[in-house]
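Peer 1: File entry_33.pdb follows (PDB, C-alpha atoms):
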```
ATOM      1  CA  MET A   8      53.669 -82.762  64.082
ATOM      2  CA  GLY A   9      54.879 -80.952  60.999
ATOM      3  CA  GLU A  10      56.572 -77.633  60.652
ATOM      4  CA  TYR A  11      54.512 -74.599  59.679
ATOM      5  CA  VAL A  12      55.421 -72.977  56.371
ATOM      6  CA  TYR A  13      54.269 -69.399  55.989
ATOM      7  CA  ASN A  14      53.187 -68.044  52.607
ATOM      8  CA  TRP A  15      56.372 -65.992  52.125
ATOM      9  CA  GLU A  16      58.568 -69.001  52.979
ATOM     10  CA  CYS A  17      56.815 -71.401  50.635
ATOM     11  CA  ASN A  18      58.858 -72.779  47.754
ATOM     12  CA  GLY A  19      56.187 -75.109  46.394
ATOM     13  CA  CYS A  20      52.997 -74.054  44.653
ATOM     14  CA  CYS A  21      53.454 -70.288  45.120
ATOM     15  CA  ALA A  22      57.187 -70.144  44.364
ATOM     16  CA  GLY A  23      56.616 -68.449  41.000
ATOM     17  CA  ARG A  24      54.617 -65.550  42.437
ATOM     18  CA  GLU A  25      55.659 -61.959  41.994
ATOM     19  CA  ILE A  26      57.194 -59.973  44.818
ATOM     20  CA  MET A  27      54.558 -58.289  46.942
ATOM     21  CA  LYS A  28      54.338 -54.498  46.743
ATOM     22  CA  ALA A  29      52.893 -51.855  49.026
ATOM     23  CA  PHE A  30      50.003 -49.706  47.790
ATOM     24  CA  LYS A  31      48.258 -46.694  49.293
ATOM     25  CA  VAL A  32      44.551 -46.718  48.463
ATOM     26  CA  THR A  33      42.605 -43.522  49.155
ATOM     27  CA  GLY A  34      38.914 -42.910  48.812
ATOM     28  CA  GLN A  35      35.656 -42.163  50.552
ATOM     29  CA  ILE A  36      32.914 -44.123  52.308
ATOM     30  CA  LYS A  37      29.561 -42.643  51.370
ATOM     31  CA  LYS A  38      26.678 -43.269  53.738
ATOM     32  CA  PRO A  39      23.373 -41.381  53.504
ATOM     33  CA  GLN A  40      24.174 -38.892  56.275
ATOM     34  CA  LEU A  41      27.980 -38.969  56.201
ATOM     35  CA  ALA A  42      30.968 -39.138  53.854
ATOM     36  CA  THR A  43      34.159 -40.383  55.503
ATOM     37  CA  PRO A  44      37.540 -40.162  53.738
ATOM     38  CA  PHE A  45      40.086 -42.955  54.192
ATOM     39  CA  ALA A  46      43.658 -43.858  53.268
ATOM     40  CA  LYS A  47      44.784 -47.452  53.676
ATOM     41  CA  GLU A  48      48.189 -49.072  53.147
ATOM     42  CA  ILE A  49      47.876 -52.557  51.677
ATOM     43  CA  ILE A  50      50.340 -55.237  50.581
ATOM     44  CA  ALA A  51      49.415 -56.952  47.300
ATOM     45  CA  GLU A  52      50.854 -58.225  44.022
ATOM     46  CA  LYS A  53      48.948 -55.787  41.775
ATOM     47  CA  SER A  54      46.954 -52.595  42.249
ATOM     48  CA  GLU A  55      43.759 -54.466  41.308
ATOM     49  CA  HIS A  56      44.338 -56.899  44.161
ATOM     50  CA  ALA A  57      44.910 -54.000  46.562
ATOM     51  CA  VAL A  58      41.566 -52.458  45.545
ATOM     52  CA  GLU A  59      39.735 -55.754  46.095
ATOM     53  CA  LYS A  60      41.351 -56.130  49.505
ATOM     54  CA  VAL A  61      40.240 -52.616  50.488
ATOM     55  CA  TYR A  62      36.667 -53.326  49.362
ATOM     56  CA  ALA A  63      36.653 -56.500  51.472
ATOM     57  CA  GLU A  64      38.225 -54.992  54.600
ATOM     58  CA  ILE A  65      36.279 -51.724  54.671
ATOM     59  CA  GLY A  66      33.025 -53.411  53.685
ATOM     60  CA  SER A  67      33.418 -55.896  56.508
ATOM     61  CA  LYS A  68      34.599 -53.442  59.148
ATOM     62  CA  HIS A  69      32.170 -50.585  58.424
ATOM     63  CA  ARG A  70      29.245 -52.649  57.095
ATOM     64  CA  VAL A  71      29.016 -50.878  53.752
ATOM     65  CA  LYS A  72      28.409 -52.232  50.266
ATOM     66  CA  ARG A  73      30.868 -51.815  47.413
ATOM     67  CA  PHE A  74      28.789 -49.105  45.747
ATOM     68  CA  GLN A  75      29.123 -47.020  48.946
ATOM     69  CA  ILE A  76      32.944 -47.086  48.706
ATOM     70  CA  LYS A  77      34.465 -44.697  46.169
ATOM     71  CA  ILE A  78      38.169 -45.220  45.505
ATOM     72  CA  THR A  79      39.899 -42.095  44.211
ATOM     73  CA  ASP A  80      43.570 -43.109  44.004
ATOM     74  CA  VAL A  81      45.807 -46.179  44.094
ATOM     75  CA  LYS A  82      49.533 -45.465  44.368
ATOM     76  CA  GLU A  83      52.462 -47.858  44.667
ATOM     77  CA  MET A  84      54.675 -46.932  47.606
ATOM     78  CA  GLN A  85      58.424 -47.238  48.089
ATOM     79  CA  GLY A  86      59.977 -48.507  51.329
ATOM     80  CA  ASP A  87      60.671 -45.045  52.787
ATOM     81  CA  GLU A  88      57.080 -43.814  52.156
ATOM     82  CA  ILE A  89      55.385 -46.583  54.172
ATOM     83  CA  LYS A  90      54.106 -45.517  57.607
ATOM     84  CA  ASP A  91      52.710 -48.837  58.889
ATOM     85  CA  PRO A  92      55.615 -50.499  60.793
ATOM     86  CA  ILE A  93      54.464 -54.072  60.144
ATOM     87  CA  LEU A  94      53.997 -53.451  56.429
ATOM     88  CA  LYS A  95      57.366 -51.679  56.264
ATOM     89  CA  LYS A  96      59.109 -54.665  57.878
ATOM     90  CA  LEU A  97      57.475 -57.075  55.400
ATOM     91  CA  ILE A  98      58.377 -55.002  52.332
ATOM     92  CA  ILE A  99      61.919 -54.065  53.319
ATOM     93  CA  GLY A 100      62.566 -57.586  54.595
ATOM     94  CA  GLU A 101      61.757 -59.084  51.160
ATOM     95  CA  GLN A 102      64.313 -57.007  49.252
TER
END
```
For this file, write the structure as C-alpha cells.
Peer 2:
Amino acid sequence: MGEYVYNWECNGCCAGREIMKAFKVTGQIKKPQLATPFAKEIIAEKSEHAVEKVYAEIGSKHRVKRFQIKITDVKEMQGDEIKDPILKKLIIGEQ
C-alpha cells in the first residue's frame, strides 16, 4: 500500500497555495424564539473562506439556514491570540 500524504505535506497540485491563517468569526444565530451569540476560530486561506466554513459548520450542527446566521466580525488572529490548542499547533507549526 502507498503512503498517506496529508494536505499540508503535499508538494504536488496544492504546492502553490497560500499559507493558512487563523480567523476569529463572531456573530449570532437567530431562531424565532432565541438569539445565540457565537465566536469560532477557523483556519482558512482568506476571510471569505473562513465565513463560508462557519456557515457550513454552524448550519450543519445547529440545523439553521444561512439567513438565520448573522456574522458581525471576521478578524485575522496572530499565534499568541489563538485559544484552540489544535489550531494553535497547526498555525505555529507552519511558520
Peer 1: Name the closest residue to Glu55 (chain A) among the candidates A:Ile89, A:Val32, A:Met84, A:Leu94; distances are taken between atoms, counting all atoms listed in the file.
Peer 2: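 Of the candidates, the smallest distance to Glu55 (chain A) is held by A:Val32.
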Peer 1: I need the residue nearest Ile99 (chain A) from this list: A:Ile78, A:Glu64, A:Ile36, A:Asp87. Use all atoms listed in the file for the distance.
Peer 2: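 Of all the options, A:Asp87 lies closest to Ile99 (chain A).
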Peer 1: What's the separation between CA of Thr33 (chain A) and CA of Gly100 (chain A), in Å to one decimal place?
Peer 2: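 Answer for the CA of Thr33 (chain A) to CA of Gly100 (chain A) separation: 25.0 Å.
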Peer 1: CA of Ala51 (chain A) to CA of Phe30 (chain A): how many Å, to one decimal?
Peer 2: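 One can read the CA of Ala51 (chain A) to CA of Phe30 (chain A) distance as 7.3 Å.
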Peer 1: Evaluate the PyMOL selection byres ((chain A and resi 76) around 12) here and jot the selected residues down as a PyMOL selection string.
Peer 2: chain A and resi 32-38+42-45+58-59+61-67+69-75+77-79
Peer 1: Could you check which of A:Lys90, A:Lys82, A:Lys68, A:Lys31 is closest to Lys47 (chain A), using all atoms listed in the file?
Peer 2: A:Lys31
Peer 1: CA of Pro39 (chain A) to CA of Ala57 (chain A): how many Å, to one decimal?
Peer 2: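 Rounded to one decimal, the two atoms are 25.9 Å apart.
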Peer 1: Which is closer to His56 (chain A) than all the others in A:Asp80, A:Gly86, A:Lys28, A:Gln40, using all atoms listed in the file?
Peer 2: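 Comparing A:Asp80, A:Gly86, A:Lys28, A:Gln40 against His56 (chain A), the winner is A:Lys28.
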Peer 1: Given all atoms listed in the file as the basis, pick out the residue of A:Ala29, A:Ile98, A:Val81, A:Ile93 nearest to Ala46 (chain A).
Peer 2: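 The closest residue to Ala46 (chain A) is A:Val81.
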Peer 1: Could you rebuild region 73-88 of chain A with N, CA, C and O atoms and give it back as a compact mmCIF listing (two decimals), in the coordinates of the input?
Peer 2:
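Dumped to rebuild-v2.txt:
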```txt
# COMPACT_ATOMS: atom_id res chain seq x y z
N ARG A 73 29.85 -52.32 48.33
CA ARG A 73 30.87 -51.82 47.41
C ARG A 73 30.47 -50.50 46.74
O ARG A 73 31.32 -49.66 46.51
N PHE A 74 29.20 -50.33 46.42
CA PHE A 74 28.79 -49.10 45.75
C PHE A 74 28.87 -47.89 46.68
O PHE A 74 28.85 -46.76 46.22
N GLN A 75 28.98 -48.12 47.99
CA GLN A 75 29.12 -47.02 48.95
C GLN A 75 30.58 -46.63 49.17
O GLN A 75 30.86 -45.66 49.85
N ILE A 76 31.52 -47.38 48.59
CA ILE A 76 32.94 -47.09 48.71
C ILE A 76 33.42 -46.53 47.37
O ILE A 76 33.30 -47.20 46.34
N LYS A 77 33.94 -45.31 47.39
CA LYS A 77 34.47 -44.70 46.17
C LYS A 77 35.97 -44.57 46.31
O LYS A 77 36.46 -43.84 47.19
N ILE A 78 36.72 -45.26 45.47
CA ILE A 78 38.17 -45.22 45.50
C ILE A 78 38.64 -44.15 44.53
O ILE A 78 38.28 -44.17 43.35
N THR A 79 39.45 -43.22 45.04
CA THR A 79 39.90 -42.10 44.21
C THR A 79 41.32 -42.28 43.69
O THR A 79 41.64 -41.78 42.62
N ASP A 80 42.18 -43.00 44.43
CA ASP A 80 43.57 -43.11 44.00
C ASP A 80 44.19 -44.40 44.53
O ASP A 80 43.92 -44.80 45.67
N VAL A 81 45.01 -45.02 43.70
CA VAL A 81 45.81 -46.18 44.09
C VAL A 81 47.24 -45.87 43.68
O VAL A 81 47.51 -45.65 42.50
N LYS A 82 48.15 -45.85 44.64
CA LYS A 82 49.53 -45.46 44.37
C LYS A 82 50.47 -46.51 44.95
O LYS A 82 50.32 -46.90 46.11
N GLU A 83 51.45 -46.94 44.16
CA GLU A 83 52.46 -47.86 44.67
C GLU A 83 53.44 -47.07 45.52
O GLU A 83 53.86 -45.97 45.16
N MET A 84 53.80 -47.63 46.66
CA MET A 84 54.68 -46.93 47.61
C MET A 84 56.05 -47.58 47.65
O MET A 84 56.18 -48.79 47.48
N GLN A 85 57.06 -46.76 47.89
CA GLN A 85 58.42 -47.24 48.09
C GLN A 85 58.63 -47.49 49.58
O GLN A 85 57.82 -47.08 50.40
N GLY A 86 59.72 -48.14 49.94
CA GLY A 86 59.98 -48.51 51.33
C GLY A 86 60.02 -47.34 52.30
O GLY A 86 59.55 -47.44 53.42
N ASP A 87 60.56 -46.19 51.88
CA ASP A 87 60.67 -45.04 52.79
C ASP A 87 59.36 -44.27 52.94
O ASP A 87 59.22 -43.46 53.84
N GLU A 88 58.37 -44.51 52.08
CA GLU A 88 57.08 -43.81 52.16
C GLU A 88 56.08 -44.52 53.08
O GLU A 88 55.10 -43.92 53.49
```
